[in-house]
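my_file28.txt follows; it contains compact mmCIF, C-alpha atoms.
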```txt
# COMPACT_ATOMS: atom_id res chain seq x y z
CA MET A 187 -156.77 -41.42 -32.95
CA LEU A 188 -154.32 -41.47 -30.07
CA ILE A 189 -150.73 -42.50 -30.82
CA THR A 190 -149.20 -43.79 -27.58
CA ASN A 191 -145.84 -44.97 -26.22
CA ALA A 192 -143.76 -42.97 -28.67
CA ALA A 193 -140.38 -41.32 -28.56
CA LEU A 194 -141.44 -38.12 -30.29
CA VAL A 195 -139.00 -36.21 -32.48
CA THR A 196 -140.67 -32.82 -32.87
CA TRP A 197 -138.29 -31.13 -35.35
CA GLY A 198 -139.44 -27.93 -33.68
CA ASN A 199 -137.29 -24.94 -32.86
CA PRO A 200 -135.55 -26.17 -30.82
CA ASN A 201 -135.89 -29.82 -31.72
CA GLN A 202 -136.97 -32.09 -28.87
CA ILE A 203 -136.97 -35.83 -28.30
CA LEU A 204 -139.80 -36.74 -25.92
CA PRO A 205 -139.80 -40.40 -24.80
CA GLY A 206 -142.96 -41.97 -23.43
CA HIS A 207 -145.19 -39.41 -25.14
CA ALA A 208 -148.42 -39.50 -27.11
CA LEU A 209 -150.08 -37.59 -29.95
CA LYS A 210 -153.81 -36.96 -30.27
CA LEU A 211 -154.94 -36.56 -33.89
CA ASP A 212 -158.13 -34.80 -34.90
CA GLY A 213 -158.85 -35.18 -38.62
CA ASP A 214 -155.79 -34.11 -40.55
CA ARG A 215 -154.24 -32.16 -37.65
CA ILE A 216 -152.32 -32.87 -34.49
CA ALA A 217 -154.63 -31.82 -31.66
CA ASP A 218 -152.54 -32.49 -28.56
CA ILE A 219 -149.16 -33.71 -27.32
CA GLY A 220 -148.23 -34.96 -23.87
CA PRO A 221 -147.04 -37.90 -21.79
CA THR A 222 -148.84 -41.10 -22.74
CA ALA A 223 -150.41 -41.61 -19.30
CA GLU A 224 -151.85 -38.07 -19.31
CA LEU A 225 -153.36 -38.27 -22.79
CA GLN A 226 -154.84 -41.72 -22.14
CA VAL A 227 -156.76 -40.23 -19.23
CA LYS A 228 -157.66 -37.11 -21.22
CA TYR A 229 -158.94 -39.05 -24.27
CA PRO A 230 -160.24 -42.38 -22.90
CA ASP A 231 -162.47 -43.11 -25.89
CA ALA A 232 -160.00 -42.38 -28.67
CA PRO A 233 -158.88 -45.31 -30.86
CA VAL A 234 -155.29 -46.15 -29.95
CA LEU A 235 -152.30 -46.78 -32.20
CA ASP A 236 -149.46 -48.07 -30.00
CA ALA A 237 -146.02 -46.99 -31.24
CA ARG A 238 -144.40 -49.58 -28.93
CA GLY A 239 -141.48 -47.32 -28.08
CA GLN A 240 -140.60 -46.47 -31.67
CA MET A 241 -139.43 -43.02 -32.73
CA VAL A 242 -142.33 -40.97 -34.09
CA MET A 243 -141.53 -37.93 -36.20
CA PRO A 244 -142.88 -35.78 -39.04
CA GLY A 245 -142.98 -37.40 -42.47
CA ASN A 246 -140.11 -36.62 -44.80
CA ILE A 247 -140.45 -34.00 -47.54
CA CYS A 248 -138.95 -34.14 -51.05
CA ALA A 249 -138.38 -30.72 -52.61
CA HIS A 250 -137.82 -31.84 -56.23
CA THR A 251 -138.67 -35.12 -57.93
CA HIS A 252 -139.79 -36.65 -61.25
CA PHE A 253 -142.44 -39.34 -60.98
CA TYR A 254 -142.31 -39.89 -64.73
CA GLY A 255 -138.78 -41.31 -64.52
CA ALA A 256 -139.85 -44.47 -62.69
CA PHE A 257 -139.77 -46.64 -65.81
CA ALA A 258 -136.10 -45.84 -66.47
CA ARG A 259 -134.97 -48.27 -63.78
CA GLY A 260 -132.86 -51.00 -65.39
CA MET A 261 -133.31 -49.63 -68.91
CA ALA A 262 -130.17 -49.81 -71.05
CA ILE A 263 -129.13 -46.92 -73.30
CA PRO A 264 -128.05 -48.40 -76.67
CA GLY A 265 -124.42 -47.93 -77.68
CA ASP A 266 -121.61 -46.46 -75.65
CA ALA A 267 -122.38 -44.80 -72.34
CA PRO A 268 -123.27 -41.09 -72.64
CA ARG A 269 -120.16 -38.95 -72.26
CA ASP A 270 -121.82 -36.00 -70.48
CA PHE A 271 -125.10 -34.65 -69.15
CA PRO A 272 -126.36 -33.22 -72.48
CA GLU A 273 -125.99 -36.70 -73.98
CA ILE A 274 -127.84 -38.22 -71.02
CA LEU A 275 -130.72 -35.82 -71.69
CA GLU A 276 -130.78 -36.50 -75.43
CA ARG A 277 -130.30 -40.26 -75.32
CA LEU A 278 -132.26 -41.16 -72.19
CA TRP A 279 -134.70 -38.66 -70.73
CA TRP A 280 -135.86 -36.86 -73.88
CA LYS A 281 -136.62 -40.21 -75.53
CA LEU A 282 -138.19 -41.77 -72.45
CA ASP A 283 -140.60 -38.91 -71.79
CA LYS A 284 -141.78 -39.01 -75.44
CA ALA A 285 -142.59 -42.72 -75.06
CA LEU A 286 -145.05 -42.18 -72.19
CA THR A 287 -148.81 -42.53 -72.51
CA LEU A 288 -151.29 -41.34 -69.87
CA ASP A 289 -151.48 -44.90 -68.55
CA ASP A 290 -147.69 -44.91 -68.18
CA VAL A 291 -147.87 -41.56 -66.40
CA ARG A 292 -150.37 -42.99 -63.92
CA TYR A 293 -148.35 -46.08 -63.09
CA SER A 294 -145.03 -44.25 -63.02
CA ALA A 295 -146.56 -42.02 -60.37
CA LEU A 296 -148.10 -44.92 -58.47
CA ALA A 297 -144.78 -46.79 -58.41
CA CYS A 298 -143.07 -43.72 -56.93
CA LEU A 299 -145.88 -43.18 -54.44
CA VAL A 300 -145.64 -46.77 -53.18
CA ASP A 301 -141.94 -46.11 -52.66
CA ALA A 302 -142.73 -42.86 -50.83
CA VAL A 303 -145.23 -44.45 -48.45
CA LYS A 304 -142.87 -47.33 -47.67
CA HIS A 305 -140.01 -44.95 -46.94
CA GLY A 306 -141.89 -42.31 -44.99
CA THR A 307 -141.92 -39.45 -47.51
CA THR A 308 -145.31 -37.80 -47.14
CA THR A 309 -144.92 -34.58 -49.19
CA LEU A 310 -143.41 -34.40 -52.68
CA ILE A 311 -142.91 -31.58 -55.19
CA ASP A 312 -143.04 -33.15 -58.65
CA HIS A 313 -141.93 -31.87 -62.06
CA HIS A 314 -143.60 -33.77 -64.92
CA ALA A 315 -142.95 -34.29 -68.65
CA SER A 316 -144.78 -36.47 -71.19
CA PRO A 317 -144.75 -34.53 -74.49
CA ASN A 318 -146.98 -37.02 -76.33
CA ALA A 319 -149.48 -37.14 -73.46
CA ILE A 320 -149.73 -33.59 -72.15
CA ASP A 321 -153.44 -32.83 -71.82
CA GLY A 322 -154.80 -34.13 -68.54
CA SER A 323 -151.46 -35.55 -67.41
CA LEU A 324 -151.49 -33.56 -64.16
CA ASP A 325 -155.01 -34.83 -63.41
CA VAL A 326 -153.77 -38.39 -63.83
CA ILE A 327 -150.92 -37.78 -61.39
CA ALA A 328 -153.27 -36.02 -58.97
CA GLU A 329 -155.59 -39.05 -59.03
CA ALA A 330 -152.64 -41.29 -58.17
CA VAL A 331 -151.61 -38.97 -55.31
CA THR A 332 -155.17 -39.02 -54.00
CA GLN A 333 -155.28 -42.81 -54.24
CA ALA A 334 -152.02 -43.03 -52.29
CA GLY A 335 -153.16 -40.55 -49.64
CA LEU A 336 -149.97 -38.48 -49.82
CA ARG A 337 -149.42 -34.75 -50.34
CA ALA A 338 -147.95 -33.38 -53.60
CA CYS A 339 -147.38 -30.17 -55.55
CA LEU A 340 -147.54 -30.77 -59.32
CA CYS A 341 -146.54 -28.98 -62.52
CA TYR A 342 -145.91 -29.71 -66.20
CA GLU A 343 -142.54 -29.05 -67.85
CA VAL A 344 -142.85 -26.40 -70.57
CA THR A 345 -140.12 -26.65 -73.21
CA ASP A 346 -139.51 -25.80 -76.87
CA ARG A 347 -138.14 -29.27 -77.60
CA GLY A 348 -141.37 -30.51 -79.18
CA GLY A 349 -142.22 -27.39 -81.15
CA PRO A 350 -144.64 -24.50 -80.59
CA GLU A 351 -147.84 -26.57 -80.42
CA LYS A 352 -146.58 -28.76 -77.59
CA MET A 353 -145.06 -25.75 -75.88
CA ARG A 354 -148.47 -24.09 -75.84
CA ALA A 355 -150.09 -27.32 -74.67
CA GLY A 356 -147.66 -27.42 -71.74
CA ILE A 357 -148.55 -23.87 -70.76
CA ALA A 358 -152.25 -24.70 -71.00
CA GLU A 359 -151.86 -27.80 -68.82
CA ASN A 360 -150.14 -25.80 -66.08
CA VAL A 361 -152.74 -23.04 -66.23
CA ARG A 362 -155.68 -25.43 -66.31
CA PHE A 363 -154.47 -27.51 -63.37
CA ALA A 364 -153.58 -24.45 -61.29
CA ARG A 365 -157.03 -22.97 -61.94
CA LEU A 366 -158.63 -26.27 -60.92
CA GLN A 367 -156.76 -26.21 -57.60
CA THR A 368 -157.95 -22.66 -57.00
CA GLN A 369 -161.57 -23.42 -57.85
CA ASN A 370 -161.74 -26.79 -56.09
CA PRO A 371 -158.90 -26.83 -53.54
CA LYS A 372 -157.76 -30.11 -52.04
CA ALA A 373 -155.78 -30.14 -48.81
CA HIS A 374 -153.31 -32.69 -50.23
CA LEU A 375 -152.79 -31.14 -53.69
CA ALA A 376 -151.10 -27.96 -54.89
CA ALA A 377 -149.91 -26.56 -58.20
CA THR A 378 -147.03 -24.55 -59.54
CA PHE A 379 -145.84 -23.86 -63.12
CA GLY A 380 -143.13 -26.07 -64.65
CA LEU A 381 -140.33 -24.94 -66.95
CA HIS A 382 -137.59 -27.24 -68.18
CA ALA A 383 -134.48 -25.03 -68.23
CA SER A 384 -133.15 -21.91 -69.87
CA LEU A 385 -131.41 -23.98 -72.56
CA THR A 386 -134.71 -25.28 -74.02
CA LEU A 387 -136.76 -22.10 -73.60
CA SER A 388 -136.80 -19.26 -76.12
CA ASP A 389 -137.41 -15.65 -75.17
CA GLU A 390 -140.85 -15.90 -76.74
CA THR A 391 -141.72 -18.95 -74.64
CA LEU A 392 -140.51 -17.35 -71.43
CA GLU A 393 -142.63 -14.29 -72.26
CA ALA A 394 -145.65 -16.52 -72.88
CA CYS A 395 -145.15 -18.41 -69.61
CA ARG A 396 -144.83 -15.23 -67.61
CA ALA A 397 -147.91 -13.79 -69.28
CA ALA A 398 -149.89 -16.93 -68.43
CA HIS A 399 -148.81 -17.21 -64.80
CA ASP A 400 -147.51 -14.85 -62.13
CA ARG A 401 -147.12 -16.91 -58.97
CA GLY A 402 -143.83 -18.76 -59.13
CA PHE A 403 -142.25 -21.44 -61.28
CA HIS A 404 -140.38 -24.73 -60.93
CA VAL A 405 -137.34 -24.75 -63.22
CA HIS A 406 -133.97 -26.48 -63.62
CA VAL A 407 -131.09 -24.02 -63.37
CA ALA A 408 -127.44 -24.52 -64.35
CA GLU A 409 -127.43 -28.26 -63.67
CA HIS A 410 -124.60 -28.45 -66.22
CA GLU A 411 -122.39 -25.79 -67.80
CA VAL A 412 -124.35 -26.13 -71.05
CA ASP A 413 -127.21 -24.17 -69.49
CA GLN A 414 -124.85 -21.24 -68.97
CA TYR A 415 -123.23 -21.54 -72.41
CA ASP A 416 -126.63 -21.54 -74.09
CA SER A 417 -127.91 -18.61 -72.03
CA LEU A 418 -124.82 -16.52 -72.78
CA LYS A 419 -125.14 -17.31 -76.49
CA ARG A 420 -128.87 -16.46 -76.56
CA SER A 421 -128.87 -13.38 -74.40
CA GLY A 422 -125.39 -12.36 -73.31
CA ALA A 423 -126.49 -13.11 -69.73
CA ARG A 424 -126.02 -16.04 -67.41
CA ALA A 425 -128.95 -18.37 -66.78
CA VAL A 426 -130.19 -16.85 -63.51
CA ASP A 427 -129.94 -13.31 -64.91
CA ARG A 428 -131.80 -14.37 -68.06
CA LEU A 429 -134.64 -15.93 -66.09
CA ASP A 430 -134.82 -12.83 -63.95
CA ARG A 431 -135.22 -10.62 -67.03
CA PHE A 432 -138.51 -12.44 -67.65
CA SER A 433 -139.63 -12.15 -63.99
CA ILE A 434 -139.42 -15.92 -63.50
CA LEU A 435 -137.66 -15.59 -60.14
CA GLY A 436 -139.54 -14.88 -56.94
CA PRO A 437 -140.49 -16.21 -53.49
CA HIS A 438 -142.71 -18.93 -55.00
CA THR A 439 -140.10 -20.14 -57.51
CA ILE A 440 -138.03 -23.32 -57.16
CA ALA A 441 -134.66 -23.43 -58.93
CA ALA A 442 -133.46 -27.03 -59.05
CA HIS A 443 -129.72 -27.83 -58.88
CA CYS A 444 -127.88 -24.48 -59.40
CA VAL A 445 -124.59 -26.38 -59.65
CA HIS A 446 -122.89 -23.93 -62.02
CA ILE A 447 -123.93 -20.48 -60.86
CA ASP A 448 -121.63 -17.69 -59.81
CA TYR A 449 -121.77 -15.54 -56.69
CA ARG A 450 -123.79 -12.73 -58.31
CA GLU A 451 -126.37 -15.27 -59.45
CA ALA A 452 -126.53 -16.57 -55.88
CA GLU A 453 -127.09 -13.02 -54.65
CA LEU A 454 -129.87 -12.57 -57.17
CA LEU A 455 -131.56 -15.78 -56.03
CA ARG A 456 -131.38 -14.52 -52.45
CA GLU A 457 -132.71 -11.10 -53.39
CA ARG A 458 -135.68 -12.64 -55.19
CA GLY A 459 -136.37 -15.14 -52.39
CA VAL A 460 -136.00 -18.16 -54.69
CA TRP A 461 -135.84 -21.69 -53.26
CA VAL A 462 -132.90 -23.79 -54.51
CA THR A 463 -133.07 -27.58 -54.35
CA HIS A 464 -130.04 -29.86 -54.07
CA GLN A 465 -130.10 -33.43 -55.46
CA PRO A 466 -126.74 -35.04 -54.61
CA ARG A 467 -127.44 -38.59 -55.86
CA SER A 468 -128.55 -37.27 -59.24
CA ASN A 469 -125.63 -34.85 -59.47
CA MET A 470 -123.19 -37.68 -58.78
CA ASN A 471 -124.92 -39.99 -61.25
CA ASN A 472 -124.87 -37.36 -64.00
CA ALA A 473 -121.33 -36.23 -63.12
CA VAL A 474 -122.34 -32.58 -63.28
CA GLY A 475 -120.38 -31.44 -60.24
CA ALA A 476 -121.20 -30.44 -56.67
CA ALA A 477 -123.31 -27.36 -55.98
CA ASP A 478 -121.84 -24.93 -53.45
CA ILE A 479 -124.60 -25.57 -50.94
CA GLU A 480 -122.69 -24.09 -48.01
CA GLY A 481 -121.80 -20.96 -49.95
CA LEU A 482 -125.44 -20.58 -50.99
CA LEU A 483 -126.65 -21.02 -47.42
CA ARG A 484 -124.08 -18.53 -46.14
CA ALA A 485 -125.28 -16.09 -48.79
CA GLY A 486 -128.81 -16.42 -47.41
CA VAL A 487 -130.22 -18.59 -50.19
CA LYS A 488 -132.87 -21.06 -49.06
CA VAL A 489 -131.42 -24.45 -50.07
CA CYS A 490 -133.66 -27.52 -49.83
CA LEU A 491 -133.17 -31.24 -50.48
CA GLY A 492 -134.77 -33.19 -53.31
CA ASN A 493 -134.12 -36.50 -55.05
CA ASP A 494 -134.60 -35.76 -58.79
CA GLY A 495 -136.51 -39.01 -59.26
CA PHE A 496 -134.21 -41.27 -57.29
CA SER A 497 -135.86 -43.40 -54.61
CA ASN A 498 -138.07 -41.61 -52.12
CA ALA A 499 -135.96 -42.87 -49.23
CA MET A 500 -134.92 -39.35 -48.31
CA TRP A 501 -132.41 -40.42 -45.66
CA GLU A 502 -130.38 -41.85 -48.54
CA GLU A 503 -130.29 -38.32 -49.95
CA TRP A 504 -129.12 -37.05 -46.53
CA LYS A 505 -126.25 -39.53 -46.61
CA ALA A 506 -125.30 -38.67 -50.18
CA ALA A 507 -125.19 -34.96 -49.39
CA TYR A 508 -123.13 -35.58 -46.26
CA LEU A 509 -120.54 -37.68 -48.13
CA TYR A 510 -120.52 -36.09 -51.60
CA HIS A 511 -119.22 -32.70 -50.59
CA LYS A 512 -116.50 -34.14 -48.37
CA ALA A 513 -115.21 -36.18 -51.30
CA ALA A 514 -115.65 -33.41 -53.87
CA HIS A 515 -113.71 -30.89 -51.75
CA ARG A 516 -111.41 -33.39 -50.00
CA ASP A 517 -112.47 -31.74 -46.75
CA PRO A 518 -114.23 -33.71 -43.98
CA ARG A 519 -115.67 -30.50 -42.56
CA ARG A 520 -117.96 -29.93 -45.54
CA ALA A 521 -121.73 -30.57 -45.44
CA GLY A 522 -121.98 -31.39 -41.75
CA GLY A 523 -124.99 -32.96 -40.11
CA TYR A 524 -126.53 -29.64 -39.12
CA THR A 525 -126.17 -28.34 -42.69
CA VAL A 526 -127.98 -31.38 -44.10
CA THR A 527 -130.66 -31.04 -41.43
CA GLN A 528 -131.16 -27.38 -42.29
CA MET A 529 -131.86 -28.33 -45.90
CA ALA A 530 -133.87 -31.50 -45.37
CA ILE A 531 -135.90 -30.47 -42.32
CA THR A 532 -136.04 -26.71 -41.77
CA ASN A 533 -135.93 -25.48 -45.36
CA ASN A 534 -137.96 -28.34 -46.87
CA ALA A 535 -140.72 -27.71 -44.34
CA ALA A 536 -140.67 -23.98 -45.08
CA LEU A 537 -140.89 -24.65 -48.82
CA ALA A 538 -143.74 -27.15 -48.37
CA GLY A 539 -145.50 -24.51 -46.30
CA ILE A 540 -145.59 -22.22 -49.34
CA PHE A 541 -147.77 -24.73 -51.17
CA PHE A 542 -149.66 -26.11 -48.15
CA PRO A 543 -150.17 -23.02 -45.97
CA GLN A 544 -153.27 -24.22 -44.13
CA ALA A 545 -151.25 -25.46 -41.14
CA PRO A 546 -147.62 -25.98 -40.05
CA ILE A 547 -145.97 -28.90 -41.83
CA GLY A 548 -142.89 -30.96 -41.00
CA VAL A 549 -143.23 -30.52 -37.24
CA LEU A 550 -144.96 -32.30 -34.37
CA ALA A 551 -146.96 -29.58 -32.62
CA PRO A 552 -150.60 -28.91 -31.82
CA GLY A 553 -152.30 -27.58 -34.93
CA ALA A 554 -149.71 -29.00 -37.34
CA LEU A 555 -150.62 -31.30 -40.21
CA ALA A 556 -150.76 -34.93 -39.12
CA ASP A 557 -148.06 -36.23 -41.50
CA ILE A 558 -146.24 -38.70 -39.27
CA ILE A 559 -143.93 -41.72 -39.50
CA PHE A 560 -142.88 -44.43 -37.04
CA VAL A 561 -139.21 -45.39 -37.14
CA ASP A 562 -138.01 -48.66 -35.61
CA TYR A 563 -134.65 -47.38 -34.43
CA HIS A 564 -133.32 -48.23 -30.99
CA SER A 565 -129.94 -46.62 -30.54
CA THR A 566 -127.01 -48.55 -29.13
CA THR A 567 -125.35 -45.25 -28.21
CA PRO A 568 -126.71 -42.13 -26.48
CA LEU A 569 -129.24 -40.30 -28.64
CA THR A 570 -130.07 -36.64 -28.06
CA ALA A 571 -131.72 -33.85 -30.01
CA GLY A 572 -128.20 -32.53 -30.64
CA ASN A 573 -126.71 -35.66 -32.15
CA LEU A 574 -129.83 -36.95 -33.93
CA PRO A 575 -128.57 -35.87 -37.40
CA TRP A 576 -125.61 -38.24 -37.07
CA HIS A 577 -127.86 -41.09 -35.94
CA ILE A 578 -129.89 -40.50 -39.10
CA LEU A 579 -126.75 -40.37 -41.22
CA PHE A 580 -125.04 -43.41 -39.74
CA GLY A 581 -127.80 -45.43 -38.08
CA PHE A 582 -131.14 -44.94 -39.83
CA GLU A 583 -132.06 -47.20 -42.73
CA ALA A 584 -134.92 -46.76 -45.17
CA SER A 585 -136.38 -50.07 -43.97
CA ALA A 586 -136.75 -48.66 -40.44
CA VAL A 587 -140.02 -46.91 -41.35
CA THR A 588 -142.87 -49.13 -40.13
CA THR A 589 -145.90 -46.83 -40.21
CA THR A 590 -146.74 -43.85 -42.43
CA ILE A 591 -149.58 -41.40 -41.75
CA ALA A 592 -150.51 -38.44 -43.99
CA GLY A 593 -153.35 -36.06 -43.30
CA GLY A 594 -154.30 -38.20 -40.33
CA LYS A 595 -154.81 -41.32 -42.50
CA VAL A 596 -152.76 -44.43 -41.86
CA LEU A 597 -151.23 -45.28 -45.24
CA MET A 598 -148.94 -48.03 -43.96
CA ARG A 599 -149.16 -49.85 -40.64
CA ASP A 600 -146.48 -52.27 -39.49
CA ARG A 601 -145.06 -52.20 -43.03
CA GLN A 602 -148.41 -53.17 -44.62
CA LEU A 603 -149.83 -50.69 -47.14
CA THR A 604 -153.46 -49.81 -46.50
CA PHE A 605 -154.49 -47.78 -49.60
CA LEU A 606 -152.22 -49.01 -52.39
CA ASP A 607 -152.05 -52.52 -53.86
CA GLU A 608 -148.32 -52.86 -54.34
CA ALA A 609 -148.54 -56.24 -56.11
CA GLU A 610 -151.04 -54.94 -58.70
CA ILE A 611 -149.09 -51.72 -59.25
CA THR A 612 -145.83 -53.62 -59.65
CA ALA A 613 -147.28 -56.14 -62.11
CA ARG A 614 -148.99 -53.51 -64.25
CA SER A 615 -145.95 -51.23 -64.18
CA ARG A 616 -143.76 -54.07 -65.42
CA GLU A 617 -146.10 -54.63 -68.37
CA LEU A 618 -146.32 -50.96 -69.26
CA ALA A 619 -142.59 -50.33 -68.83
CA ALA A 620 -141.75 -53.07 -71.34
CA LYS A 621 -143.88 -51.30 -73.95
CA VAL A 622 -142.33 -47.93 -73.06
CA TRP A 623 -138.89 -49.43 -73.60
CA GLU A 624 -139.98 -50.70 -77.02
CA ARG A 625 -141.21 -47.26 -78.07
CA TYR A 626 -138.05 -45.69 -76.67
CA SER A 627 -135.84 -48.02 -78.72
CA LEU A 628 -137.66 -47.12 -81.97
CA GLN A 629 -136.78 -43.42 -81.71
```
Hey, can you dump this file as structure tokens for me?
Amino acid sequence: MLITNAALVTWGNPNQILPGHALKLDGDRIADIGPTAELQVKYPDAPVLDARGQMVMPGNICAHTHFYGAFARGMAIPGDAPRDFPEILERLWWKLDKALTLDDVRYSALACLVDAVKHGTTTLIDHHASPNAIDGSLDVIAEAVTQAGLRACLCYEVTDRGGPEKMRAGIAENVRFARLQTQNPKAHLAATFGLHASLTLSDETLEACRAAHDRGFHVHVAEHEVDQYDSLKRSGARAVDRLDRFSILGPHTIAAHCVHIDYREAELLRERGVWVTHQPRSNMNNAVGAADIEGLLRAGVKVCLGNDGFSNAMWEEWKAAYLYHKAAHRDPRRAGGYTVTQMAITNNAALAGIFFPQAPIGVLAPGALADIIFVDYHSTTPLTAGNLPWHILFGFEASAVTTTIAGGKVLMRDRQLTFLDEAEITARSRELAAKVWERYSLQ
């Protein structure tokens, strides 16, 4: 396929905006880049997809999400509103995840994947929990990802909340799915090993997880102070130090949130090469505070951008990060456009490359993975590679994505989905969610 008449945003180093350019795709890779007229002569027989002057750029990447949370939208928590994050966990998420069946898991994922395709997010790193439907749950999500045509890294959340039998089942699900990806690798699927957080993991469970797996973990860290209080009570050490004692930290480990860590913990994350993910919309919603993303970046920690199960319109997460830290610190200099870009583009692409190392990702370049979006944005002010972050922050809207391509396959063209039946998924999700809410209310 030859994509013509595009204003390419390469997100390379340095970033370039190349108007009037074309991309030649070969399978799941970008084969060539050049002016439209040149590539039309060079590839006269290639099928053409005309971008009609739209911006064409790499698909967005989400560094931390929860597909299973899709059915929480609009659901009321009985009684007074939760007073803090521990109550939100106990009264919402730890009841919702127990109400999920494998069918719910499938359609929760499909609902999120429809959202991702429509909003140009082509790679997602998911963290799953369904304690009454553990066995095979990652296969169900993988099938949904395959159906959608997107790229995803999956894991199951190990926790002690449901007792030792379910804890062991969670370990087994991670190990089984990871082995499956090793034995029968798929270019669009990857696996890591999920842990909930220090506050729901005993020493014995951490030992068992480390014994079962030695190539990185995906864990929530110090999202709220309670994670630190619990860790200090259990071990006399802060949460990052405790996880490190069990060799959980390393260059393949993702530590989500890290809102309430101290400077020594940040140094330890840097020393171990851990990836930290920032989820500003979730942090605001849960009122847990604002992570020191700039301090972490200055310390050399690799900070990425996720959404924690909020919509997969990642530019909304850009905007939240840009605004949240200014308000939290009462300082308009905080979380500038380049800082947000470093997290959302540079670091997210580097993290995705850990799980999908077969080719460069998150960049338009020959040999890179053909994960591409068309954006119907025609600036009313000068637009350059230098000021593009502020156009994204103040001009881009989620609805501007018109075409989504992943692995060289067109998943949405002119806002029409090609692989997913949104009407069927929406109708079935509505039916299933109503039953989930009933089971939730009986707990």
(request) Tell me, as a ChimeraX atom specification, which residues lie within 12 Å of Gly572 of chain A, counting all atoms listed in the file; anything in the same chain fewer than 5 positions away does not count. (result) /A:195,197,200-203,523-524,527,577-578
Output C-alpha atoms for every residue in that selection, as a PDB file, in the frame of the given file.
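For reference, out_26.pdb as written:
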```pdb
ATOM      1  CA  VAL A 195    -139.000 -36.210 -32.480  1.00  0.00           C
ATOM      2  CA  TRP A 197    -138.290 -31.130 -35.350  1.00  0.00           C
ATOM      3  CA  PRO A 200    -135.550 -26.170 -30.820  1.00  0.00           C
ATOM      4  CA  ASN A 201    -135.890 -29.820 -31.720  1.00  0.00           C
ATOM      5  CA  GLN A 202    -136.970 -32.090 -28.870  1.00  0.00           C
ATOM      6  CA  ILE A 203    -136.970 -35.830 -28.300  1.00  0.00           C
ATOM      7  CA  GLY A 523    -124.990 -32.960 -40.110  1.00  0.00           C
ATOM      8  CA  TYR A 524    -126.530 -29.640 -39.120  1.00  0.00           C
ATOM      9  CA  THR A 527    -130.660 -31.040 -41.430  1.00  0.00           C
ATOM     10  CA  HIS A 577    -127.860 -41.090 -35.940  1.00  0.00           C
ATOM     11  CA  ILE A 578    -129.890 -40.500 -39.100  1.00  0.00           C
TER      12      ILE A 578
END
```
(request) For atom CA of Glu359 of chain A and atom CA of Val344 of chain A, quote the distance in Å rounded to one decimal. (result) 9.3 Å
(request) Find the residues near segment 248-253 of chain A: any atom within 7 Å, counting only C-alpha atoms, skip ones fewer than 2 places away on the same chain, and give them as a VMD selection string. (result) chain A and resid 246 255 to 256 294 to 295 298 309 to 314 463 490 to 495 534
(request) Go through A:Leu579, A:Val487, A:Cys339, A:Ala613 and flag the residue nearest Leu509 of chain A, using only C-alpha atoms for the distances. (result) A:Leu579
(message) From the options A:Gly322, A:Pro518, A:Gly213, A:Gly245, which residue's atoms come nearest to Thr307 of chain A, counting all atoms listed in the file?
(response)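 Between A:Gly322, A:Pro518, A:Gly213, A:Gly245, the residue approaching Thr307 of chain A most closely is A:Gly245.
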(request) Counting all atoms listed in the file, figure out which residue out of A:Arg484, A:His404, A:Arg354, A:His410 gets nearest to Met470 of chain A. (result)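 Closest to Met470 of chain A, using all atoms listed in the file: A:His410.
Contact shell of segment 416-423 of chain A at 10 Å (only C-alpha atoms; same-chain neighbours under 6 positions omitted): Ala383, Ser384, Leu385, Thr386, Leu387, Ser388, Asp389, Ala408, Leu429 and Arg431 of chain A.
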Residues from last step as file, C-alpha atoms, as a PDB file, in the frame of the given file:
```pdb
ATOM      1  CA  ALA A 383    -134.480 -25.030 -68.230  1.00  0.00           C
ATOM      2  CA  SER A 384    -133.150 -21.910 -69.870  1.00  0.00           C
ATOM      3  CA  LEU A 385    -131.410 -23.980 -72.560  1.00  0.00           C
ATOM      4  CA  THR A 386    -134.710 -25.280 -74.020  1.00  0.00           C
ATOM      5  CA  LEU A 387    -136.760 -22.100 -73.600  1.00  0.00           C
ATOM      6  CA  SER A 388    -136.800 -19.260 -76.120  1.00  0.00           C
ATOM      7  CA  ASP A 389    -137.410 -15.650 -75.170  1.00  0.00           C
ATOM      8  CA  ALA A 408    -127.440 -24.520 -64.350  1.00  0.00           C
ATOM      9  CA  LEU A 429    -134.640 -15.930 -66.090  1.00  0.00           C
ATOM     10  CA  ARG A 431    -135.220 -10.620 -67.030  1.00  0.00           C
TER      11      ARG A 431
END
```
(request) Compare A:Arg616, A:Trp501, A:Leu603, A:Phe560 by their minimum atom-to-atom distance to Phe582 of chain A, counting only C-alpha atoms, and give me the closest one. (result) A:Trp501
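Distances to Glu276 of chain A were evaluated for A:Ile263, A:Pro371, A:Val445, A:Phe403 using all atoms listed in the file, and the minimum falls at A:Ile263.
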(request) Do a neighbour search on Ala376 of chain A at 10 Å with only C-alpha atoms, toss out local chain neighbours closer than 4 positions, and write the hits as a ChimeraX atom specification. (result) /A:311,328,337-341,363-364,366-368,371-372,538,540-542
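Taking atom CA of Thr570 of chain A and atom CA of Ala192 of chain A as endpoints, the distance between them is 15.1 Å.
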(request) Name all residues at most 8 Å from Leu235 of chain A (count all atoms listed in the file; drop same-chain ones fewer than 3 positions away) and give them as a list in words. (result) Met187, Leu188, Ile189 and Thr190 of chain A
Could you write those residues out with C-alpha atoms, as a CSV table (one decimal), in the coordinates of the input?
```csv
chain,number,residue,atom,x,y,z
A,187,MET,CA,-156.8,-41.4,-33.0
A,188,LEU,CA,-154.3,-41.5,-30.1
A,189,ILE,CA,-150.7,-42.5,-30.8
A,190,THR,CA,-149.2,-43.8,-27.6
```
